[in-house]
file work-v1.tsv (TSV, C-alpha atoms and all ligand atoms)
chain	number	residue	atom	x	y	z
P	1	MET	CA	15.46	-8.41	30.11
P	2	ARG	CA	17.10	-9.87	26.96
P	3	ILE	CA	14.57	-9.99	24.11
P	4	VAL	CA	15.06	-11.73	20.78
P	5	VAL	CA	13.11	-9.97	18.03
P	6	THR	CA	12.86	-12.17	14.94
P	7	GLY	CA	12.33	-10.37	11.63
P	8	GLY	CA	13.65	-7.23	13.29
P	9	ALA	CA	15.04	-5.91	9.99
P	10	GLY	CA	11.59	-5.82	8.37
P	11	PHE	CA	8.95	-3.12	8.46
P	12	ILE	CA	7.17	-3.77	11.77
P	13	GLY	CA	10.12	-5.47	13.49
P	14	SER	CA	12.42	-2.50	12.91
P	15	ASN	CA	9.77	-0.07	14.13
P	16	PHE	CA	9.29	-2.30	17.19
P	17	ILE	CA	13.00	-2.36	18.02
P	18	GLN	CA	13.20	1.43	17.71
P	19	TYR	CA	10.12	1.82	19.89
P	20	MET	CA	11.45	-0.57	22.56
P	21	SER	CA	14.97	0.79	22.53
P	22	ARG	CA	13.61	4.29	23.25
P	23	LYS	CA	11.17	3.11	25.92
P	24	TYR	CA	13.36	0.55	27.70
P	25	PRO	CA	17.01	1.65	27.56
P	26	ASP	CA	17.89	-1.12	30.06
P	27	TYR	CA	16.61	-3.97	27.89
P	28	GLU	CA	18.88	-5.88	25.57
P	29	LEU	CA	17.28	-6.14	22.12
P	30	VAL	CA	18.65	-8.78	19.78
P	31	ASN	CA	17.56	-8.47	16.16
P	32	VAL	CA	17.51	-11.93	14.56
P	33	ASP	CA	16.91	-11.83	10.82
P	34	SER	CA	18.08	-13.68	7.70
P	35	LEU	CA	17.87	-10.47	5.61
P	36	THR	CA	15.58	-11.59	2.80
P	37	TYR	CA	14.59	-8.99	0.20
P	38	ALA	CA	12.37	-7.46	2.92
P	39	GLY	CA	15.05	-7.13	5.61
P	40	ASN	CA	17.08	-3.94	5.67
P	41	LEU	CA	19.67	-2.94	8.26
P	42	GLU	CA	19.54	0.64	7.01
P	43	ASN	CA	16.40	0.91	9.13
P	44	PHE	CA	18.79	1.11	12.11
P	45	LYS	CA	21.00	3.96	11.02
P	46	ASP	CA	20.04	5.85	14.16
P	47	ILE	CA	20.30	3.14	16.78
P	48	ASP	CA	23.08	0.84	15.59
P	49	SER	CA	25.53	2.32	18.02
P	50	LEU	CA	23.29	1.96	21.06
P	51	ALA	CA	24.58	-0.42	23.69
P	52	ASN	CA	21.24	-2.19	24.07
P	53	TYR	CA	20.87	-3.26	20.42
P	54	SER	CA	22.60	-6.01	18.44
P	55	PHE	CA	22.03	-7.89	15.20
P	56	ILE	CA	22.60	-11.59	14.48
P	57	LYS	CA	22.04	-13.04	11.01
P	58	VAL	CA	19.99	-16.20	11.53
P	59	ASP	CA	17.60	-18.12	9.30
P	60	ILE	CA	14.83	-19.29	11.63
P	61	THR	CA	14.29	-22.42	9.55
P	62	ASP	CA	17.84	-23.57	10.39
P	63	SER	CA	17.70	-25.34	13.75
P	64	GLU	CA	21.49	-25.25	14.22
P	65	GLN	CA	21.63	-21.48	13.77
P	66	VAL	CA	18.66	-21.08	16.08
P	67	SER	CA	20.19	-23.31	18.73
P	68	GLN	CA	23.43	-21.22	18.64
P	69	LEU	CA	21.29	-18.22	19.39
P	70	PHE	CA	20.20	-19.78	22.63
P	71	SER	CA	23.75	-20.31	23.86
P	72	GLN	CA	23.09	-16.97	25.58
P	73	ARG	CA	20.11	-16.32	27.88
P	74	VAL	CA	16.83	-15.39	26.15
P	75	ASP	CA	14.05	-14.03	28.38
P	76	ALA	CA	11.44	-13.45	25.69
P	77	ILE	CA	10.94	-13.82	21.95
P	78	VAL	CA	8.83	-11.47	19.85
P	79	HIS	CA	8.38	-13.32	16.60
P	80	PHE	CA	7.83	-11.16	13.49
P	81	ALA	CA	9.97	-13.08	10.96
P	82	ALA	CA	7.82	-14.20	8.07
P	83	GLU	CA	7.18	-14.05	4.39
P	84	SER	CA	4.51	-11.37	4.57
P	85	HIS	CA	3.19	-10.41	1.12
P	86	VAL	CA	-0.05	-12.01	-0.14
P	87	ASP	CA	0.74	-11.42	-3.83
P	88	ARG	CA	4.10	-13.19	-3.51
P	89	SER	CA	2.38	-16.10	-1.75
P	90	ILE	CA	0.11	-16.47	-4.79
P	91	LEU	CA	3.14	-16.55	-7.10
P	92	ASP	CA	5.20	-18.94	-4.89
P	93	PRO	CA	3.58	-20.47	-1.78
P	94	GLY	CA	6.51	-22.78	-0.86
P	95	ALA	CA	8.67	-20.13	0.78
P	96	PHE	CA	5.71	-19.16	2.99
P	97	LEU	CA	5.26	-22.66	4.34
P	98	LYS	CA	8.97	-22.99	5.01
P	99	THR	CA	9.49	-19.78	6.97
P	100	ASN	CA	6.07	-19.16	8.45
P	101	VAL	CA	5.25	-22.72	9.48
P	102	MET	CA	8.52	-24.62	9.81
P	103	GLY	CA	10.51	-21.59	11.00
P	104	THR	CA	7.95	-20.93	13.73
P	105	GLN	CA	8.14	-24.55	14.87
P	106	VAL	CA	11.96	-24.41	15.05
P	107	LEU	CA	11.72	-21.32	17.26
P	108	LEU	CA	8.98	-22.80	19.45
P	109	GLU	CA	11.05	-25.92	20.02
P	110	ALA	CA	14.12	-23.89	20.97
P	111	ALA	CA	12.01	-21.71	23.28
P	112	ARG	CA	10.59	-24.81	24.96
P	113	GLN	CA	13.98	-26.44	25.45
P	114	HIS	CA	15.47	-23.29	26.92
P	115	GLY	CA	12.54	-22.36	29.13
P	116	VAL	CA	11.92	-18.96	27.52
P	117	GLY	CA	9.64	-16.84	29.71
P	118	LYS	CA	7.39	-15.47	26.96
P	119	PHE	CA	6.85	-16.18	23.27
P	120	VAL	CA	4.82	-13.49	21.50
P	121	HIS	CA	3.76	-14.63	18.05
P	122	VAL	CA	2.85	-11.73	15.77
P	123	SER	CA	0.02	-12.87	13.53
P	124	THR	CA	-2.58	-11.24	11.36
P	125	ASP	CA	-6.32	-10.62	11.00
P	126	GLU	CA	-6.11	-12.37	7.62
P	127	VAL	CA	-6.31	-15.75	9.37
P	128	TYR	CA	-10.01	-15.01	10.00
P	129	GLY	CA	-10.72	-14.83	6.25
P	130	SER	CA	-13.03	-12.25	4.70
P	131	LEU	CA	-16.03	-10.28	6.01
P	132	GLY	CA	-19.16	-9.15	4.21
P	133	ASP	CA	-20.40	-5.57	4.50
P	134	THR	CA	-20.97	-5.78	8.27
P	135	GLY	CA	-19.43	-7.35	11.38
P	136	THR	CA	-15.94	-7.55	12.82
P	137	PHE	CA	-13.39	-10.23	13.68
P	138	SER	CA	-13.14	-11.15	17.36
P	139	GLU	CA	-10.56	-13.48	18.91
P	140	ASN	CA	-13.21	-16.22	18.73
P	141	SER	CA	-13.90	-15.87	15.01
P	142	PRO	CA	-13.09	-19.12	13.20
P	143	LEU	CA	-9.85	-19.41	11.24
P	144	ALA	CA	-10.80	-19.28	7.54
P	145	SER	CA	-7.67	-18.43	5.54
P	146	ASN	CA	-8.07	-17.70	1.85
P	147	SER	CA	-4.50	-17.08	0.61
P	148	PRO	CA	-1.39	-19.25	0.94
P	149	TYR	CA	0.14	-16.48	3.10
P	150	SER	CA	-2.83	-16.47	5.42
P	151	ALA	CA	-2.97	-20.29	5.55
P	152	SER	CA	0.70	-20.36	6.56
P	153	LYS	CA	0.07	-17.80	9.32
P	154	ALA	CA	-2.99	-19.71	10.59
P	155	SER	CA	-0.90	-22.90	10.65
P	156	SER	CA	1.77	-21.17	12.70
P	157	ASP	CA	-0.90	-19.83	15.08
P	158	LEU	CA	-2.09	-23.39	15.66
P	159	LEU	CA	1.46	-24.56	16.36
P	160	VAL	CA	1.90	-21.77	18.89
P	161	ARG	CA	-1.33	-22.79	20.56
P	162	ALA	CA	-0.23	-26.45	20.56
P	163	TYR	CA	3.07	-25.60	22.28
P	164	HIS	CA	1.10	-23.86	25.00
P	165	GLU	CA	-1.50	-26.59	25.43
P	166	THR	CA	0.96	-29.50	25.19
P	167	TYR	CA	4.13	-28.19	26.83
P	168	GLY	CA	2.86	-25.20	28.79
P	169	LEU	CA	5.04	-22.74	26.85
P	170	PRO	CA	4.00	-19.21	27.91
P	171	VAL	CA	2.76	-17.81	24.61
P	172	ASN	CA	0.58	-15.04	23.25
P	173	ILE	CA	-0.71	-14.55	19.73
P	174	THR	CA	-1.47	-11.07	18.42
P	175	ARG	CA	-3.61	-10.61	15.32
P	176	CYS	CA	-3.32	-7.18	13.80
P	177	SER	CA	-4.97	-5.43	10.90
P	178	ASN	CA	-3.11	-3.69	8.03
P	179	ASN	CA	-0.17	-1.59	9.20
P	180	TYR	CA	1.21	1.52	7.56
P	181	GLY	CA	4.04	3.88	8.46
P	182	PRO	CA	7.77	4.49	7.90
P	183	TYR	CA	10.04	1.73	6.51
P	184	GLN	CA	7.29	-0.31	4.84
P	185	PHE	CA	8.60	-2.18	1.83
P	186	PRO	CA	7.10	-0.67	-1.35
P	187	GLU	CA	5.41	-3.88	-2.51
P	188	LYS	CA	2.49	-3.12	-0.14
P	189	LEU	CA	-0.45	-0.88	-1.10
P	190	ILE	CA	0.38	2.42	0.65
P	191	PRO	CA	4.12	2.78	-0.11
P	192	LEU	CA	3.66	1.38	-3.63
P	193	MET	CA	1.02	4.00	-4.39
P	194	ILE	CA	3.02	6.83	-2.80
P	195	LEU	CA	6.13	6.04	-4.85
P	196	ASN	CA	4.29	5.45	-8.13
P	197	ALA	CA	2.40	8.72	-7.65
P	198	LEU	CA	5.62	10.60	-6.89
P	199	GLU	CA	7.14	9.30	-10.11
P	200	GLY	CA	4.02	9.86	-12.22
P	201	GLN	CA	3.67	6.09	-12.80
P	202	PRO	CA	0.27	4.30	-13.05
P	203	LEU	CA	-1.36	3.28	-9.75
P	204	PRO	CA	-2.56	-0.35	-10.17
P	205	VAL	CA	-5.80	-0.81	-8.19
P	206	TYR	CA	-6.99	-4.42	-8.10
P	207	GLY	CA	-10.57	-5.14	-9.21
P	208	ASP	CA	-13.05	-2.36	-8.48
P	209	GLY	CA	-10.99	-0.83	-5.66
P	210	LEU	CA	-13.81	-1.42	-3.18
P	211	ASN	CA	-12.04	-3.99	-0.98
P	212	VAL	CA	-11.81	-2.69	2.57
P	213	ARG	CA	-8.84	-2.82	4.97
P	214	ASP	CA	-8.69	-1.62	8.60
P	215	TRP	CA	-5.55	0.55	8.83
P	216	LEU	CA	-3.37	0.91	11.92
P	217	HIS	CA	-0.23	3.01	12.32
P	218	VAL	CA	2.75	0.77	12.95
P	219	GLU	CA	3.67	2.59	16.18
P	220	ASP	CA	0.23	1.81	17.64
P	221	HIS	CA	0.78	-1.84	16.70
P	222	CYS	CA	4.16	-1.78	18.50
P	223	ALA	CA	2.53	-0.30	21.62
P	224	GLY	CA	-0.03	-3.12	21.59
P	225	ILE	CA	2.68	-5.79	21.32
P	226	ASP	CA	4.62	-4.14	24.17
P	227	LEU	CA	1.52	-4.44	26.40
P	228	VAL	CA	0.95	-8.07	25.44
P	229	LEU	CA	4.61	-8.90	26.03
P	230	HIS	CA	4.51	-7.50	29.57
P	231	GLN	CA	0.94	-8.11	30.65
P	232	GLY	CA	-0.70	-10.58	28.27
P	233	ARG	CA	-2.25	-13.61	29.97
P	234	ASP	CA	-0.42	-16.77	28.92
P	235	GLY	CA	-2.12	-18.69	26.14
P	236	GLU	CA	-4.36	-15.77	25.09
P	237	VAL	CA	-4.95	-14.28	21.65
P	238	TYR	CA	-5.21	-10.47	21.37
P	239	ASN	CA	-6.61	-8.68	18.32
P	240	ILE	CA	-5.07	-5.31	17.43
P	241	GLY	CA	-6.82	-2.89	15.06
P	242	GLY	CA	-7.56	0.78	14.75
P	243	ASN	CA	-11.17	1.12	13.59
P	244	ASN	CA	-9.99	2.80	10.42
P	245	GLU	CA	-11.79	1.06	7.63
P	246	ARG	CA	-11.10	2.45	4.17
P	247	THR	CA	-11.67	1.15	0.65
P	248	ASN	CA	-8.51	0.83	-1.41
P	249	ILE	CA	-9.70	3.49	-3.83
P	250	GLU	CA	-10.19	5.94	-0.92
P	251	ILE	CA	-6.59	5.29	0.17
P	252	VAL	CA	-5.26	5.84	-3.34
P	253	LYS	CA	-7.21	9.08	-3.78
P	254	THR	CA	-6.03	10.35	-0.37
P	255	ILE	CA	-2.41	9.80	-1.44
P	256	LEU	CA	-2.90	11.49	-4.82
P	257	ASN	CA	-4.61	14.40	-3.15
P	258	TYR	CA	-1.81	14.85	-0.58
P	259	LEU	CA	0.83	14.77	-3.32
P	260	ASN	CA	-1.22	16.99	-5.62
P	261	LYS	CA	-1.18	14.39	-8.38
P	262	PRO	CA	-4.02	13.69	-10.88
P	263	GLU	CA	-6.52	10.83	-10.46
P	264	SER	CA	-5.88	10.00	-14.13
P	265	LEU	CA	-2.87	8.00	-12.83
P	266	ILE	CA	-5.27	5.38	-11.38
P	267	ARG	CA	-5.57	2.11	-13.35
P	268	PHE	CA	-8.13	-0.53	-12.42
P	269	VAL	CA	-6.32	-3.79	-13.16
P	270	GLU	CA	-6.94	-7.54	-12.99
P	271	ASP	CA	-7.95	-8.54	-9.47
P	272	ARG	CA	-5.83	-10.49	-6.97
P	273	LEU	CA	-6.80	-14.19	-6.93
P	274	GLY	CA	-8.96	-15.07	-3.90
P	275	HIS	CA	-9.02	-11.37	-2.94
P	276	ASP	CA	-10.49	-10.94	0.57
P	277	LYS	CA	-13.29	-8.36	0.44
P	278	ARG	CA	-13.16	-6.79	3.85
P	279	TYR	CA	-11.23	-6.93	7.14
P	280	ALA	CA	-12.35	-5.21	10.36
P	281	ILE	CA	-10.94	-5.91	13.81
P	282	ASP	CA	-12.66	-5.81	17.17
P	283	ALA	CA	-9.84	-4.92	19.61
P	284	THR	CA	-12.06	-4.63	22.70
P	285	LYS	CA	-10.10	-7.29	24.60
P	286	LEU	CA	-6.77	-5.47	24.25
P	287	ARG	CA	-8.40	-2.14	25.13
P	288	SER	CA	-10.32	-3.35	28.16
P	289	GLU	CA	-7.83	-5.88	29.58
P	290	LEU	CA	-4.56	-4.08	28.91
P	291	GLY	CA	-5.66	-0.47	28.43
P	292	TRP	CA	-4.40	-0.10	24.85
P	293	GLU	CA	-5.43	3.01	22.91
P	294	PRO	CA	-4.14	3.92	19.46
P	295	GLN	CA	-2.50	7.35	19.33
P	296	TYR	CA	-2.68	8.08	15.61
P	297	SER	CA	-5.79	9.16	13.74
P	298	PHE	CA	-5.67	7.92	10.16
P	299	ASP	CA	-5.40	11.49	8.83
P	300	THR	CA	-2.36	12.27	11.00
P	301	GLY	CA	-0.74	8.90	10.37
P	302	ILE	CA	-1.09	8.92	6.60
P	303	ALA	CA	0.24	12.49	6.36
P	304	GLN	CA	3.27	11.56	8.51
P	305	THR	CA	3.85	8.43	6.40
P	306	ILE	CA	3.68	10.19	3.04
P	307	GLN	CA	6.04	12.86	4.39
P	308	TRP	CA	8.46	10.14	5.56
P	309	TYR	CA	8.69	8.73	2.03
P	310	LEU	CA	9.21	12.25	0.67
P	311	ASP	CA	12.04	12.79	3.17
P	312	ASN	CA	13.71	9.38	2.71
P	313	ARG	CA	14.17	9.02	-1.01
P	314	SER	CA	17.59	7.36	-0.70
P	315	TRP	CA	16.08	4.62	1.53
P	316	TRP	CA	13.41	3.64	-0.98
P	317	GLU	CA	15.54	4.10	-4.06
P	318	ARG	CA	17.94	1.50	-2.67
P	319	VAL	CA	15.29	-1.05	-1.63
P	320	ARG	CA	13.63	-0.79	-5.05
P	321	SER	CA	16.74	-1.76	-6.97
P	322	GLY	CA	17.54	-5.37	-8.01
P	323	ASP	CA	15.09	-8.03	-6.85
P	324	TYR	CA	12.24	-5.57	-6.41
P	325	ARG	CA	12.25	-4.62	-10.08
P	326	GLU	CA	12.07	-8.28	-11.09
P	327	TYR	CA	9.12	-8.88	-8.73
P	328	TYR	CA	7.32	-5.72	-9.92
P	329	GLU	CA	7.54	-6.84	-13.53
P	330	LYS	CA	6.27	-10.35	-12.72
P	331	GLN	CA	3.34	-9.02	-10.69
P	332	TYR	CA	2.29	-6.06	-12.84
P	333	SER	CA	3.45	-6.58	-16.46
P	334	SER	CA	0.29	-8.39	-17.57
P	335	ARG	CA	-1.80	-5.93	-15.51
P	336	LEU	CA	-0.22	-2.71	-16.75
P	337	GLY	CA	1.28	-3.83	-20.08
P	338	ASP	CA	3.52	-1.22	-21.66
P	339	ARG	CA	2.43	1.36	-19.07
P	340	LEU	CA	4.58	-0.55	-16.52
G	1	LIG	P1	8.31	-7.73	6.36
G	1	LIG	O1	8.16	-8.60	5.16
G	1	LIG	O2	8.54	-6.28	6.19
G	1	LIG	O3	9.51	-8.28	7.27
G	1	LIG	C1	9.73	-9.64	7.49
G	1	LIG	C2	11.15	-9.81	8.06
G	1	LIG	O4	11.36	-11.20	8.33
G	1	LIG	C3	12.26	-9.37	7.10
G	1	LIG	O5	13.21	-8.59	7.78
G	1	LIG	C4	12.88	-10.69	6.64
G	1	LIG	O6	14.27	-10.59	6.32
G	1	LIG	C5	12.64	-11.58	7.86
G	1	LIG	N1	12.63	-13.00	7.51
G	1	LIG	C6	11.92	-13.61	6.52
G	1	LIG	N2	12.22	-14.93	6.48
G	1	LIG	C7	13.10	-15.16	7.49
G	1	LIG	C8	13.77	-16.32	7.96
G	1	LIG	N3	13.59	-17.52	7.40
G	1	LIG	N4	14.62	-16.20	9.03
G	1	LIG	C9	14.81	-15.00	9.62
G	1	LIG	N5	14.23	-13.86	9.19
G	1	LIG	C10	13.38	-13.94	8.15
G	1	LIG	O7	7.02	-8.02	7.24
G	1	LIG	P2	6.18	-7.04	8.18
G	1	LIG	O8	5.16	-6.35	7.38
G	1	LIG	O9	7.12	-6.27	9.02
G	1	LIG	O10	5.43	-8.12	9.08
G	1	LIG	C11	6.02	-8.64	10.25
G	1	LIG	C12	5.09	-9.67	10.87
G	1	LIG	O11	3.85	-9.06	11.19
G	1	LIG	C13	4.76	-10.85	9.96
G	1	LIG	O12	4.76	-12.01	10.75
G	1	LIG	C14	3.38	-10.54	9.43
G	1	LIG	O13	2.67	-11.72	9.17
G	1	LIG	C15	2.77	-9.78	10.60
G	1	LIG	N6	1.75	-8.78	10.28
G	1	LIG	C16	1.97	-7.82	9.33
G	1	LIG	C17	0.99	-6.86	9.07
G	1	LIG	C18	1.22	-5.76	8.04
G	1	LIG	O14	0.28	-5.03	7.74
G	1	LIG	N7	2.41	-5.58	7.49
G	1	LIG	C19	-0.20	-6.87	9.79
G	1	LIG	C20	-0.41	-7.88	10.73
G	1	LIG	C21	0.59	-8.81	10.97
G	2	LIG	O1	-4.37	-7.53	7.32
G	2	LIG	C1	-3.04	-7.72	7.70
G	2	LIG	C2	-2.21	-8.02	6.47
G	2	LIG	O2	-2.12	-6.81	5.75
G	2	LIG	C3	-0.83	-8.56	6.81
G	2	LIG	O3	-0.95	-9.80	7.43
G	2	LIG	C4	0.03	-8.70	5.55
G	2	LIG	O4	1.35	-9.08	5.90
G	2	LIG	C5	0.05	-7.37	4.84
G	2	LIG	O5	0.76	-7.49	3.62
G	2	LIG	C6	-1.36	-6.87	4.57
G	2	LIG	O6	-2.04	-7.72	3.59
G	2	LIG	P1	-2.95	-7.09	2.43
G	2	LIG	O7	-3.02	-8.06	1.32
G	2	LIG	O8	-4.22	-6.55	2.97
G	2	LIG	O9	-2.02	-5.81	2.06
G	2	LIG	P2	-1.55	-5.21	0.65
G	2	LIG	O10	-0.84	-3.93	0.96
G	2	LIG	O11	-0.85	-6.19	-0.21
G	2	LIG	O12	-2.94	-4.87	-0.05
G	2	LIG	C7	-3.89	-4.02	0.57
G	2	LIG	C8	-5.11	-3.94	-0.34
G	2	LIG	O13	-4.72	-3.22	-1.53
G	2	LIG	C9	-5.62	-5.28	-0.81
G	2	LIG	O14	-7.02	-5.22	-0.91
G	2	LIG	C10	-5.03	-5.45	-2.21
G	2	LIG	C11	-4.94	-4.01	-2.71
G	2	LIG	N1	-3.82	-3.73	-3.66
G	2	LIG	C12	-2.56	-4.05	-3.26
G	2	LIG	C13	-1.50	-3.83	-4.10
G	2	LIG	C14	-0.08	-4.19	-3.69
G	2	LIG	C15	-4.08	-3.13	-4.87
G	2	LIG	O15	-5.23	-2.80	-5.21
G	2	LIG	N2	-3.02	-2.90	-5.71
G	2	LIG	C16	-1.74	-3.24	-5.39
G	2	LIG	O16	-0.82	-3.02	-6.23
call {"tool": "encode", "arguments": {"input": "work-v1.tsv", "output": "structure tokens"}}
result
Amino acid sequence: MRIVVTGGAGFIGSNFIQYMSRKYPDYELVNVDSLTYAGNLENFKDIDSLANYSFIKVDITDSEQVSQLFSQRVDAIVHFAAESHVDRSILDPGAFLKTNVMGTQVLLEAARQHGVGKFVHVSTDEVYGSLGDTGTFSENSPLASNSPYSASKASSDLLVRAYHETYGLPVNITRCSNNYGPYQFPEKLIPLMILNALEGQPLPVYGDGLNVRDWLHVEDHCAGIDLVLHQGRDGEVYNIGGNNERTNIEIVKTILNYLNKPESLIRFVEDRLGHDKRYAIDATKLRSELGWEPQYSFDTGIAQTIQWYLDNRSWWERVRSGDYREYYEKQYSSRLGDRL
């Protein structure tokens, strides 16, 4: 099987390639990524030399580059490539529409023309919008995006559905809750808080810190996608989520506690615009149809993740240089002022 993994140099994509390359040494895994600020080939230090892995630099919004890619056989596509950070989508929505909507359509069209056997579109629980204090998102919950990021993902989900309904393309959509684990870019809550705590910098918690996310270890997400890729019924949506609801302030305190750092580092800052209150995923369909079970408890997963950042200082020091600094200042200078 020759599988194209788009966005394979990002957080989840690189974990997925590592997971698949260990589990299926006979598969050919082609990492297709344009290497934006979030793409990092250093995530492959350990597997670069493996015969079953290769990298091709391709921008998925460029139909000529994508069509070149299909000059060789492609059995399946697992599509992670996206602009993925909500805060950046609030600062600059355009890039999200281009990659997440148009890029997905370019890939779908190529997949249709070349008769690709499976197109797995990796989406997010954010397309369902925000929950109150109770209830969960099922696959039948209405799409109700609240951020430009989420709206771009919901739009791409609809395109994927349309390519199935109209052309019969064999697709699946997965919608996962918040991931954490090794190689996550430090603009997202957990790595940002780990690194700021390590350096004794303020920890910027939006609003009252009581927004809730449903955390899943990235390896459990990868295992879910693997099952959908091999056994998912064509045209179906599968939710993926770990039943690990935590408020943001609980997460931040857990990190401080693990690192033995004082809670006086916490700063409650101006809230995110349109901030979704709560996400919670019902993954019954994936569990009962495909037998998926997460392996990580949150306590084990968060400890492993914090330890990974402690052990991989050179990785995060490099990704935080340059562009990251500029983004951090734009996002946090008015929130943290001279404590930045
Ligand atoms: P990420 O930002 O870490 O990685 C995205 C990757 O896509 C990067 O390697 C980047 O270089 C690449 N990319 C961006 N634009 C591209 C383009 N035009 N052409 C080719 N490559 C391009 O994102 P992530 O957190 O790994 O998320 C991966 C996918 O999973 C996304 O589609 C996201 O919506 C979805 N998702 C993420 C989470 C989460 O918690 N992180 C949860 C559910 C779903
Ligand atoms: O739910 C799945 C989604 O999870 C994915 O689709 C997205 O790609 C991924 O980025 C993530 O979105 P969130 O917006 O939930 O994740 P983020 O890490 O940005 O924020 C998590 C929570 O923490 C959210 O309530 C906002 C809050 N937060 C975040 C940052 C970066 C803070 O309080 N302070 C911060 O500095």
call {"tool": "closest_residue", "arguments": {"input": "work-v1.tsv", "among": "P:Ser333, P:Ser84, P:Gln72, P:Asn239", "to": "ligand LIG 2 (chain G)", "atoms": "only C-alpha atoms and all ligand atoms"}}
result
P:Ser84
call {"tool": "closest_residue", "arguments": {"input": "work-v1.tsv", "among": "P:Glu109, P:Asp214, P:Asp208, P:Glu139", "to": "ligand LIG 1 (chain G)", "atoms": "only C-alpha atoms and all ligand atoms"}}
result
P:Asp214
call {"tool": "atom_distance", "arguments": {"input": "work-v1.tsv", "atom1": "atom CA of Ile17 of chain P", "atom2": "atom C11 of ligand LIG 2 (chain G)"}}
result
27.5 Å
call {"tool": "closest_atom_pairs", "arguments": {"input": "work-v1.tsv", "of": "chain P", "to": "ligand LIG 2 (chain G)", "cutoff": "7 Å", "atoms": "all atoms listed in the file", "output": "JSON lines"}}
result
{"residue": "P:Ser84", "atom": "CA", "partner": "G:LIG2", "partner_atom": "O4", "distance": 4.1}
{"residue": "P:His85", "atom": "CA", "partner": "G:LIG2", "partner_atom": "O5", "distance": 4.5}
{"residue": "P:Val86", "atom": "CA", "partner": "G:LIG2", "partner_atom": "O7", "distance": 5.2}
{"residue": "P:Asp87", "atom": "CA", "partner": "G:LIG2", "partner_atom": "O11", "distance": 6.6}
{"residue": "P:Ser123", "atom": "CA", "partner": "G:LIG2", "partner_atom": "O3", "distance": 6.9}
{"residue": "P:Thr124", "atom": "CA", "partner": "G:LIG2", "partner_atom": "O3", "distance": 4.5}
{"residue": "P:Asp125", "atom": "CA", "partner": "G:LIG2", "partner_atom": "O1", "distance": 5.2}
{"residue": "P:Glu126", "atom": "CA", "partner": "G:LIG2", "partner_atom": "O1", "distance": 5.2}
{"residue": "P:Cys176", "atom": "CA", "partner": "G:LIG2", "partner_atom": "C1", "distance": 6.1}
{"residue": "P:Ser177", "atom": "CA", "partner": "G:LIG2", "partner_atom": "O1", "distance": 4.2}
{"residue": "P:Asn178", "atom": "CA", "partner": "G:LIG2", "partner_atom": "O2", "distance": 4.0}
{"residue": "P:Asn179", "atom": "CA", "partner": "G:LIG2", "partner_atom": "O2", "distance": 6.6}
{"residue": "P:Glu187", "atom": "CA", "partner": "G:LIG2", "partner_atom": "C14", "distance": 5.6}
{"residue": "P:Lys188", "atom": "CA", "partner": "G:LIG2", "partner_atom": "O10", "distance": 3.6}
{"residue": "P:Leu189", "atom": "CA", "partner": "G:LIG2", "partner_atom": "O10", "distance": 3.7}
{"residue": "P:Ile190", "atom": "CA", "partner": "G:LIG2", "partner_atom": "O10", "distance": 6.5}
{"residue": "P:Leu192", "atom": "CA", "partner": "G:LIG2", "partner_atom": "C14", "distance": 6.7}
{"residue": "P:Pro204", "atom": "CA", "partner": "G:LIG2", "partner_atom": "O16", "distance": 5.1}
{"residue": "P:Val205", "atom": "CA", "partner": "G:LIG2", "partner_atom": "O15", "distance": 3.6}
{"residue": "P:Tyr206", "atom": "CA", "partner": "G:LIG2", "partner_atom": "O15", "distance": 3.8}
{"residue": "P:Gly209", "atom": "CA", "partner": "G:LIG2", "partner_atom": "O15", "distance": 6.1}
{"residue": "P:Asn211", "atom": "CA", "partner": "G:LIG2", "partner_atom": "O14", "distance": 5.2}
{"residue": "P:Val212", "atom": "CA", "partner": "G:LIG2", "partner_atom": "O14", "distance": 6.4}
{"residue": "P:Arg213", "atom": "CA", "partner": "G:LIG2", "partner_atom": "O8", "distance": 6.3}
{"residue": "P:Asn248", "atom": "CA", "partner": "G:LIG2", "partner_atom": "O13", "distance": 5.5}
{"residue": "P:Arg272", "atom": "CA", "partner": "G:LIG2", "partner_atom": "C10", "distance": 7.0}
{"residue": "P:His275", "atom": "CA", "partner": "G:LIG2", "partner_atom": "O14", "distance": 6.8}
{"residue": "P:Asp276", "atom": "CA", "partner": "G:LIG2", "partner_atom": "O14", "distance": 6.9}
{"residue": "P:Tyr279", "atom": "CA", "partner": "G:LIG2", "partner_atom": "O1", "distance": 6.9}
call {"tool": "residues_around", "arguments": {"input": "work-v1.tsv", "residues": "segment 143-153 of chain P", "least_positions_apart": "4", "cutoff": "7 Å", "atoms": "only C-alpha atoms", "output": "list of chain:residue names"}}
result
P:Ser84, P:Val86, P:Ser89, P:Ile90, P:Pro93, P:Phe96, P:Leu97, P:Asn100, P:Val101, P:Ser123, P:Glu126, P:Val127, P:Tyr128, P:Gly129, P:Asp157, P:Gly274
call {"tool": "closest_residue", "arguments": {"input": "work-v1.tsv", "among": "P:Lys45, P:Glu263, P:Ala280, P:Phe11", "to": "Ser141 of chain P", "atoms": "only C-alpha atoms"}}
result
P:Ala280
call {"tool": "closest_residue", "arguments": {"input": "work-v1.tsv", "among": "P:Asp234, P:Val5, P:Lys98, P:Asp311", "to": "Lys57 of chain P", "atoms": "all atoms listed in the file"}}
result
P:Val5
call {"tool": "residues_around", "arguments": {"input": "work-v1.tsv", "residues": "Gln68 of chain P", "least_positions_apart": "6", "cutoff": "12 Å", "atoms": "all atoms listed in the file", "output": "PyMOL selection string"}}
result
chain P and resi 32+56-60+62+74+107+110+114
call {"tool": "residues_around", "arguments": {"input": "work-v1.tsv", "residues": "Trp308 of chain P", "least_positions_apart": "2", "cutoff": "12 Å", "atoms": "only C-alpha atoms", "output": "VMD selection string"}}
result
chain P and resid 180 to 184 191 194 to 195 301 to 306 310 to 316
